[in-house]
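Text of the file protein.pdb, holding PDB, C-alpha atoms:
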```pdb
MODEL        1
ATOM      1  CA  MET A  15     -63.939 -98.215  -4.540
ATOM      2  CA  ASN A  16     -66.023 -96.682  -1.753
ATOM      3  CA  THR A  17     -68.423 -93.931  -2.712
ATOM      4  CA  THR A  18     -70.012 -91.310  -0.531
ATOM      5  CA  THR A  19     -73.318 -89.657  -1.240
ATOM      6  CA  VAL A  20     -73.795 -86.133   0.060
ATOM      7  CA  SER A  21     -77.143 -84.373   0.084
ATOM      8  CA  LEU A  22     -76.709 -80.665  -0.598
ATOM      9  CA  PRO A  23     -79.080 -77.761  -1.191
ATOM     10  CA  PRO A  24     -79.580 -76.813  -4.898
ATOM     11  CA  THR A  25     -76.653 -74.387  -4.757
ATOM     12  CA  LEU A  26     -74.273 -74.352  -1.838
ATOM     13  CA  GLU A  27     -71.968 -71.425  -1.191
ATOM     14  CA  LEU A  28     -69.148 -71.863   1.321
ATOM     15  CA  ASN A  29     -66.377 -69.579   2.478
ATOM     16  CA  ILE A  30     -63.269 -71.739   2.383
ATOM     17  CA  ASP A  31     -59.801 -70.267   1.986
ATOM     18  CA  LEU A  32     -58.168 -72.496  -0.631
ATOM     19  CA  THR A  33     -55.054 -71.898  -2.681
ATOM     20  CA  ASP A  34     -55.356 -72.270  -6.453
ATOM     21  CA  GLU A  35     -53.637 -75.660  -6.201
ATOM     22  CA  GLN A  36     -55.975 -76.828  -3.427
ATOM     23  CA  PHE A  37     -59.026 -75.704  -5.401
ATOM     24  CA  PHE A  38     -57.795 -77.524  -8.510
ATOM     25  CA  GLN A  39     -57.167 -80.693  -6.494
ATOM     26  CA  LEU A  40     -60.605 -80.417  -4.874
ATOM     27  CA  CYS A  41     -62.153 -80.330  -8.352
ATOM     28  CA  GLN A  42     -60.000 -83.257  -9.556
ATOM     29  CA  ASN A  43     -60.790 -85.352  -6.496
ATOM     30  CA  ASN A  44     -64.538 -84.731  -6.782
ATOM     31  CA  ARG A  45     -65.226 -85.045 -10.494
ATOM     32  CA  ASP A  46     -68.886 -85.842  -9.866
ATOM     33  CA  LEU A  47     -69.368 -82.344  -8.456
ATOM     34  CA  LYS A  48     -69.117 -79.082 -10.362
ATOM     35  CA  PHE A  49     -67.371 -76.286  -8.491
ATOM     36  CA  GLU A  50     -66.968 -72.590  -9.124
ATOM     37  CA  ARG A  51     -65.223 -70.043  -6.933
ATOM     38  CA  THR A  52     -66.108 -66.366  -6.682
ATOM     39  CA  ALA A  53     -63.563 -63.551  -6.698
ATOM     40  CA  SER A  54     -64.016 -63.256  -2.923
ATOM     41  CA  GLY A  55     -63.200 -66.948  -2.427
ATOM     42  CA  GLU A  56     -66.698 -68.366  -1.931
ATOM     43  CA  LEU A  57     -66.884 -71.966  -3.057
ATOM     44  CA  ILE A  58     -70.025 -72.775  -5.052
ATOM     45  CA  ILE A  59     -71.110 -76.373  -5.581
ATOM     46  CA  MET A  60     -73.400 -76.517  -8.600
ATOM     47  CA  PRO A  61     -75.941 -79.318  -8.954
ATOM     48  CA  PRO A  62     -76.161 -81.270 -12.197
ATOM     49  CA  THR A  63     -78.748 -79.906 -14.588
ATOM     50  CA  GLY A  64     -81.915 -81.749 -15.405
ATOM     51  CA  SER A  65     -81.946 -83.939 -18.490
ATOM     52  CA  SER A  66     -83.907 -81.411 -20.549
ATOM     53  CA  THR A  67     -81.457 -78.595 -19.843
ATOM     54  CA  SER A  68     -78.522 -80.933 -20.460
ATOM     55  CA  ASP A  69     -79.965 -81.916 -23.847
ATOM     56  CA  ARG A  70     -80.328 -78.274 -24.843
ATOM     57  CA  ASN A  71     -76.861 -77.412 -23.571
ATOM     58  CA  ALA A  72     -75.414 -80.286 -25.631
ATOM     59  CA  ASP A  73     -77.082 -78.824 -28.724
ATOM     60  CA  LEU A  74     -75.682 -75.384 -27.965
ATOM     61  CA  THR A  75     -72.178 -76.793 -27.427
ATOM     62  CA  TYR A  76     -72.475 -78.930 -30.568
ATOM     63  CA  GLN A  77     -73.385 -75.932 -32.741
ATOM     64  CA  LEU A  78     -70.503 -73.863 -31.345
ATOM     65  CA  ARG A  79     -68.022 -76.738 -31.730
ATOM     66  CA  ALA A  80     -69.071 -77.456 -35.337
ATOM     67  CA  TRP A  81     -68.555 -73.793 -36.273
ATOM     68  CA  SER A  82     -65.223 -73.671 -34.416
ATOM     69  CA  ARG A  83     -63.879 -76.786 -36.146
ATOM     70  CA  GLU A  84     -64.927 -75.489 -39.535
ATOM     71  CA  ASN A  85     -63.024 -72.199 -39.288
ATOM     72  CA  ASN A  86     -60.243 -72.966 -36.753
ATOM     73  CA  LEU A  87     -60.263 -69.402 -35.391
ATOM     74  CA  GLY A  88     -60.225 -70.550 -31.780
ATOM     75  CA  LYS A  89     -61.140 -73.235 -29.260
ATOM     76  CA  SER A  90     -64.624 -74.016 -27.974
ATOM     77  CA  PHE A  91     -65.389 -75.422 -24.519
ATOM     78  CA  ASP A  92     -68.294 -77.127 -22.809
ATOM     79  CA  SER A  93     -69.658 -76.542 -19.322
ATOM     80  CA  SER A  94     -66.947 -78.591 -17.609
ATOM     81  CA  GLY A  95     -64.141 -76.253 -18.740
ATOM     82  CA  GLY A  96     -62.946 -73.942 -15.985
ATOM     83  CA  PHE A  97     -61.305 -70.532 -16.402
ATOM     84  CA  LYS A  98     -59.376 -68.434 -13.881
ATOM     85  CA  LEU A  99     -60.594 -64.873 -14.409
ATOM     86  CA  LEU A 100     -58.480 -61.770 -13.821
ATOM     87  CA  ASN A 101     -60.454 -60.989 -10.648
ATOM     88  CA  GLY A 102     -59.473 -64.386  -9.176
ATOM     89  CA  ALA A 103     -62.792 -66.167  -9.733
ATOM     90  CA  GLU A 104     -62.889 -69.620 -11.300
ATOM     91  CA  ARG A 105     -65.900 -69.955 -13.569
ATOM     92  CA  SER A 106     -67.289 -72.572 -15.952
ATOM     93  CA  PRO A 107     -69.652 -71.078 -18.547
ATOM     94  CA  ASP A 108     -72.153 -73.462 -20.131
ATOM     95  CA  ALA A 109     -70.363 -72.925 -23.454
ATOM     96  CA  SER A 110     -67.445 -70.693 -24.342
ATOM     97  CA  TRP A 111     -64.870 -69.886 -26.988
ATOM     98  CA  VAL A 112     -61.321 -68.475 -26.907
ATOM     99  CA  LYS A 113     -59.572 -66.876 -29.879
ATOM    100  CA  MET A 114     -56.706 -69.062 -31.134
ATOM    101  CA  GLU A 115     -53.983 -66.444 -30.540
ATOM    102  CA  ARG A 116     -54.960 -66.150 -26.893
ATOM    103  CA  TRP A 117     -55.182 -69.928 -26.457
ATOM    104  CA  ASN A 118     -51.813 -70.503 -28.118
ATOM    105  CA  ALA A 119     -50.210 -67.893 -25.833
ATOM    106  CA  LEU A 120     -50.873 -70.179 -22.844
ATOM    107  CA  SER A 121     -48.322 -72.731 -21.708
ATOM    108  CA  GLU A 122     -49.209 -76.420 -21.831
ATOM    109  CA  ALA A 123     -49.368 -76.425 -18.017
ATOM    110  CA  GLU A 124     -51.869 -73.532 -18.078
ATOM    111  CA  LYS A 125     -54.016 -75.370 -20.638
ATOM    112  CA  GLU A 126     -54.146 -78.457 -18.408
ATOM    113  CA  ARG A 127     -55.544 -76.508 -15.458
ATOM    114  CA  PHE A 128     -58.113 -73.725 -15.347
ATOM    115  CA  ALA A 129     -56.908 -71.516 -18.193
ATOM    116  CA  PRO A 130     -55.890 -68.132 -16.721
ATOM    117  CA  LEU A 131     -58.092 -65.996 -18.951
ATOM    118  CA  CYS A 132     -61.671 -65.032 -19.593
ATOM    119  CA  PRO A 133     -63.132 -66.530 -22.771
ATOM    120  CA  ASP A 134     -63.844 -64.132 -25.626
ATOM    121  CA  PHE A 135     -67.368 -65.547 -25.837
ATOM    122  CA  VAL A 136     -69.525 -67.042 -23.069
ATOM    123  CA  VAL A 137     -73.011 -68.517 -22.834
ATOM    124  CA  GLU A 138     -75.073 -69.273 -19.778
ATOM    125  CA  LEU A 139     -78.162 -71.402 -20.432
ATOM    126  CA  MET A 140     -80.484 -71.059 -17.467
ATOM    127  CA  SER A 141     -82.045 -74.153 -15.943
ATOM    128  CA  PRO A 142     -85.260 -73.895 -13.900
ATOM    129  CA  SER A 143     -83.307 -73.883 -10.631
ATOM    130  CA  ASP A 144     -80.956 -71.020 -11.636
ATOM    131  CA  SER A 145     -81.334 -67.558 -10.153
ATOM    132  CA  LEU A 146     -81.737 -64.893 -12.842
ATOM    133  CA  GLU A 147     -79.988 -62.244 -10.727
ATOM    134  CA  LYS A 148     -77.013 -64.491  -9.946
ATOM    135  CA  THR A 149     -76.710 -65.481 -13.596
ATOM    136  CA  ARG A 150     -76.833 -61.827 -14.638
ATOM    137  CA  ALA A 151     -74.097 -61.085 -12.099
ATOM    138  CA  LYS A 152     -71.958 -63.831 -13.670
ATOM    139  CA  MET A 153     -72.504 -62.333 -17.114
ATOM    140  CA  ARG A 154     -71.428 -58.907 -15.867
ATOM    141  CA  GLU A 155     -68.374 -60.527 -14.269
ATOM    142  CA  TYR A 156     -67.406 -62.124 -17.585
ATOM    143  CA  MET A 157     -67.673 -58.744 -19.320
ATOM    144  CA  GLU A 158     -65.628 -57.000 -16.621
ATOM    145  CA  ASN A 159     -62.928 -59.658 -17.011
ATOM    146  CA  GLY A 160     -62.517 -59.440 -20.780
ATOM    147  CA  ALA A 161     -65.337 -61.322 -22.534
ATOM    148  CA  ARG A 162     -66.266 -59.642 -25.801
ATOM    149  CA  LEU A 163     -69.690 -61.219 -26.257
ATOM    150  CA  GLY A 164     -72.028 -63.060 -23.911
ATOM    151  CA  TRP A 165     -75.447 -64.623 -24.159
ATOM    152  CA  LEU A 166     -77.717 -65.361 -21.223
ATOM    153  CA  ILE A 167     -80.382 -67.712 -22.561
ATOM    154  CA  ASN A 168     -83.469 -67.727 -20.338
ATOM    155  CA  ARG A 169     -85.579 -70.646 -21.570
ATOM    156  CA  GLY A 170     -88.382 -70.019 -19.082
ATOM    157  CA  GLN A 171     -89.037 -66.552 -20.507
ATOM    158  CA  GLN A 172     -87.797 -67.398 -24.025
ATOM    159  CA  GLN A 173     -85.490 -64.412 -23.779
ATOM    160  CA  VAL A 174     -81.860 -63.863 -24.639
ATOM    161  CA  GLU A 175     -79.814 -61.156 -22.975
ATOM    162  CA  ILE A 176     -76.853 -60.096 -25.109
ATOM    163  CA  TYR A 177     -73.843 -58.702 -23.246
ATOM    164  CA  ARG A 178     -71.169 -56.620 -24.944
ATOM    165  CA  PRO A 179     -68.385 -54.531 -23.367
ATOM    166  CA  ASN A 180     -69.343 -50.961 -22.466
ATOM    167  CA  ARG A 181     -72.881 -51.295 -23.822
ATOM    168  CA  GLU A 182     -76.331 -51.730 -22.387
ATOM    169  CA  VAL A 183     -77.640 -55.283 -22.286
ATOM    170  CA  GLU A 184     -79.837 -56.038 -25.282
ATOM    171  CA  ILE A 185     -82.862 -58.261 -24.624
ATOM    172  CA  LEU A 186     -84.433 -60.295 -27.429
ATOM    173  CA  GLN A 187     -87.800 -62.023 -27.110
ATOM    174  CA  SER A 188     -88.050 -65.507 -28.685
ATOM    175  CA  PRO A 189     -85.367 -65.077 -31.357
ATOM    176  CA  LYS A 190     -84.985 -67.959 -33.814
ATOM    177  CA  THR A 191     -81.249 -67.363 -34.252
ATOM    178  CA  LEU A 192     -78.371 -65.450 -32.675
ATOM    179  CA  SER A 193     -75.381 -64.000 -34.515
ATOM    180  CA  GLY A 194     -71.819 -64.377 -33.287
ATOM    181  CA  GLU A 195     -71.230 -60.861 -34.615
ATOM    182  CA  ASP A 196     -67.588 -59.899 -35.143
ATOM    183  CA  VAL A 197     -66.426 -62.045 -32.206
ATOM    184  CA  LEU A 198     -67.515 -65.315 -33.872
ATOM    185  CA  PRO A 199     -67.634 -64.335 -37.572
ATOM    186  CA  GLY A 200     -70.185 -66.374 -39.473
ATOM    187  CA  PHE A 201     -71.514 -68.237 -36.410
ATOM    188  CA  VAL A 202     -75.288 -68.490 -36.139
ATOM    189  CA  LEU A 203     -76.879 -70.273 -33.186
ATOM    190  CA  TYR A 204     -80.215 -71.861 -34.092
ATOM    191  CA  LEU A 205     -82.500 -71.730 -31.072
ATOM    192  CA  VAL A 206     -85.348 -74.003 -32.234
ATOM    193  CA  GLU A 207     -83.939 -77.019 -30.357
ATOM    194  CA  ILE A 208     -82.921 -74.903 -27.370
ATOM    195  CA  TRP A 209     -86.323 -73.370 -26.652
TER     196      TRP A 209
ENDMDL
END
```
So that I can check it, write out the structure of this file as structure tokens.
Amino acid sequence: MNTTTVSLPPTLELNIDLTDEQFFQLCQNNRDLKFERTASGELIIMPPTGSSTSDRNADLTYQLRAWSRENNLGKSFDSSGGFKLLNGAERSPDASWVKMERWNALSEAEKERFAPLCPDFVVELMSPSDSLEKTRAKMREYMENGARLGWLINRGQQQVEIYRPNREVEILQSPKTLSGEDVLPGFVLYLVEIW
């Protein structure tokens, strides 16, 4: 197998007019790259995270998955899971969760592609190279497209921004835990390993 190495800036945004099928095939054919697409059709190639951020993201995903398996109220996803939002964007939160009724309403074909829905719960864990304003814009986009709870975890500032529909963003400084509230009943995220 021949491989090609491409050197790209930390985040590359391109305007390419792709159909949903073409975008899906692009992602399948380039599994070593992580793509997102904005509602306006901009293609974003995301770099891999550093090892430290990846370790923390694995812990976050592990905690969410353990809770999800224990109660079977929905499905949890890691950062490689893509979702087709109502506004047309394809996004991949660092961790997310979908209520079981919504997941079961999808066809098997829809589950095999980028699920055509916005997760009920989303988390973005910032890495040092992430733009705070762009990450905040993503969080607002999730809320506008149906997310019921979102956490933006800013390790550099040890802050968490909590997003809820039709409410002001709540900012917590160095919390030890986060509650899943009524969206993820009984879920508590322990942040000691994530900070």
Which residues are close to Lys98 of chain A, i.e. within 8 Å by all atoms listed in the file, leaving aside same-chain residues fewer than 2 positions away? Reply as a PDB file with C-alpha atoms, in the frame of the given file.
```pdb
ATOM      1  CA  GLY A  96     -62.946 -73.942 -15.985  1.00  0.00           C
ATOM      2  CA  LEU A 100     -58.480 -61.770 -13.821  1.00  0.00           C
ATOM      3  CA  GLY A 102     -59.473 -64.386  -9.176  1.00  0.00           C
ATOM      4  CA  ALA A 103     -62.792 -66.167  -9.733  1.00  0.00           C
ATOM      5  CA  GLU A 104     -62.889 -69.620 -11.300  1.00  0.00           C
ATOM      6  CA  ARG A 105     -65.900 -69.955 -13.569  1.00  0.00           C
ATOM      7  CA  PHE A 128     -58.113 -73.725 -15.347  1.00  0.00           C
ATOM      8  CA  ALA A 129     -56.908 -71.516 -18.193  1.00  0.00           C
ATOM      9  CA  PRO A 130     -55.890 -68.132 -16.721  1.00  0.00           C
ATOM     10  CA  LEU A 131     -58.092 -65.996 -18.951  1.00  0.00           C
ATOM     11  CA  CYS A 132     -61.671 -65.032 -19.593  1.00  0.00           C
TER      12      CYS A 132
END
```
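Closest to Val202 of chain A among A:Arg45, A:Arg178, A:Ala80, A:Asp34 is A:Ala80, based on only C-alpha atoms.
Taking all atoms listed in the file into account, Trp209 of chain A lies nearest to A:Arg70 out of the set A:Arg70, A:Arg181, A:Arg127, A:Arg150.
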### Message
What's around Ala151 of chain A at 12 Å? Count only C-alpha atoms, leave out sequence neighbours fewer than 5 positions away in its own chain, and write the answer as an MDAnalysis selection string.
### Response
chainID A and resid 52 138 145:146 156:158 166 177
Mind dumping the selected residues with C-alpha atoms as a compact mmCIF listing (two decimals), in the coordinates of the input?
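So result.txt came out as:
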```txt
# COMPACT_ATOMS: atom_id res chain seq x y z
CA THR A 52 -66.11 -66.37 -6.68
CA GLU A 138 -75.07 -69.27 -19.78
CA SER A 145 -81.33 -67.56 -10.15
CA LEU A 146 -81.74 -64.89 -12.84
CA TYR A 156 -67.41 -62.12 -17.58
CA MET A 157 -67.67 -58.74 -19.32
CA GLU A 158 -65.63 -57.00 -16.62
CA LEU A 166 -77.72 -65.36 -21.22
CA TYR A 177 -73.84 -58.70 -23.25
```
### Query
If you measure from atom CA of Ser68 of chain A to atom CA of Asn118 of chain A, what distance in Å do you get, rounded to one decimal?
29.7 Å
Work out where the centre of an axis-aligned box around every listed atom of segment 75-80 of chain A lies and how long its edges are once 5 Å is added on each side; give both in Å to one decimal as lines of an AutoDock Vina configuration file.
```
center_x = -70.7
center_y = -76.4
center_z = -31.4
size_x = 15.4
size_y = 15.1
size_z = 17.9
```
### Message
Neighbouring residues of Glu207 of chain A were defined as those with any atom within 10 Å, considering all atoms listed in the file; residues of the same chain fewer than 6 positions away were excluded. Please report them as a PyMOL selection string.
### Response
chain A and resi 69-71+73-74+190
### Non-local contacts of Gln171 of chain A (12 Å; all atoms listed in the file; under 6 positions in same chain excluded) as a VMD selection string
chain A and resid 139 to 142 146 185 to 189 209
### Query
Could you tell me, as number ranges by chain, which residues have any atom at most 9 Å from (-71.7, -74.5, -27.4), counting only C-alpha atoms?
A: 71-80, 90-93, 108-111, 136-137, 203
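Picture a line from atom CA of Val174 of chain A to atom CA of Leu192 of chain A; it runs 8.9 Å.
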### Task
Report as a PyMOL selection string the full result of the PyMOL selection byres ((chain A and resi 114) around 10) when it is applied to this structure.
chain A and resi 86-90+111-113+115-119
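Note that the spacing between atom CA of Ser94 of chain A and atom CA of Pro107 of chain A amounts to 8.0 Å.
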### Query
For Gln36 of chain A, which residue among A:Leu57, A:Met153, A:Ile176, A:Leu99 is the nearest when counting all atoms listed in the file?
A:Leu57
Given the file shown, determine the residues that the PyMOL selection byres ((chain A and resi 194) around 10) selects; report them as a CSV table (one decimal) with C-alpha atoms, keeping the file's coordinate frame.
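The result, stored in expr_8.csv:
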```csv
chain,number,residue,atom,x,y,z
A,78,LEU,CA,-70.5,-73.9,-31.3
A,135,PHE,CA,-67.4,-65.5,-25.8
A,163,LEU,CA,-69.7,-61.2,-26.3
A,164,GLY,CA,-72.0,-63.1,-23.9
A,165,TRP,CA,-75.4,-64.6,-24.2
A,191,THR,CA,-81.2,-67.4,-34.3
A,192,LEU,CA,-78.4,-65.4,-32.7
A,193,SER,CA,-75.4,-64.0,-34.5
A,195,GLU,CA,-71.2,-60.9,-34.6
A,196,ASP,CA,-67.6,-59.9,-35.1
A,197,VAL,CA,-66.4,-62.0,-32.2
A,198,LEU,CA,-67.5,-65.3,-33.9
A,199,PRO,CA,-67.6,-64.3,-37.6
A,200,GLY,CA,-70.2,-66.4,-39.5
A,201,PHE,CA,-71.5,-68.2,-36.4
A,202,VAL,CA,-75.3,-68.5,-36.1
A,203,LEU,CA,-76.9,-70.3,-33.2
```
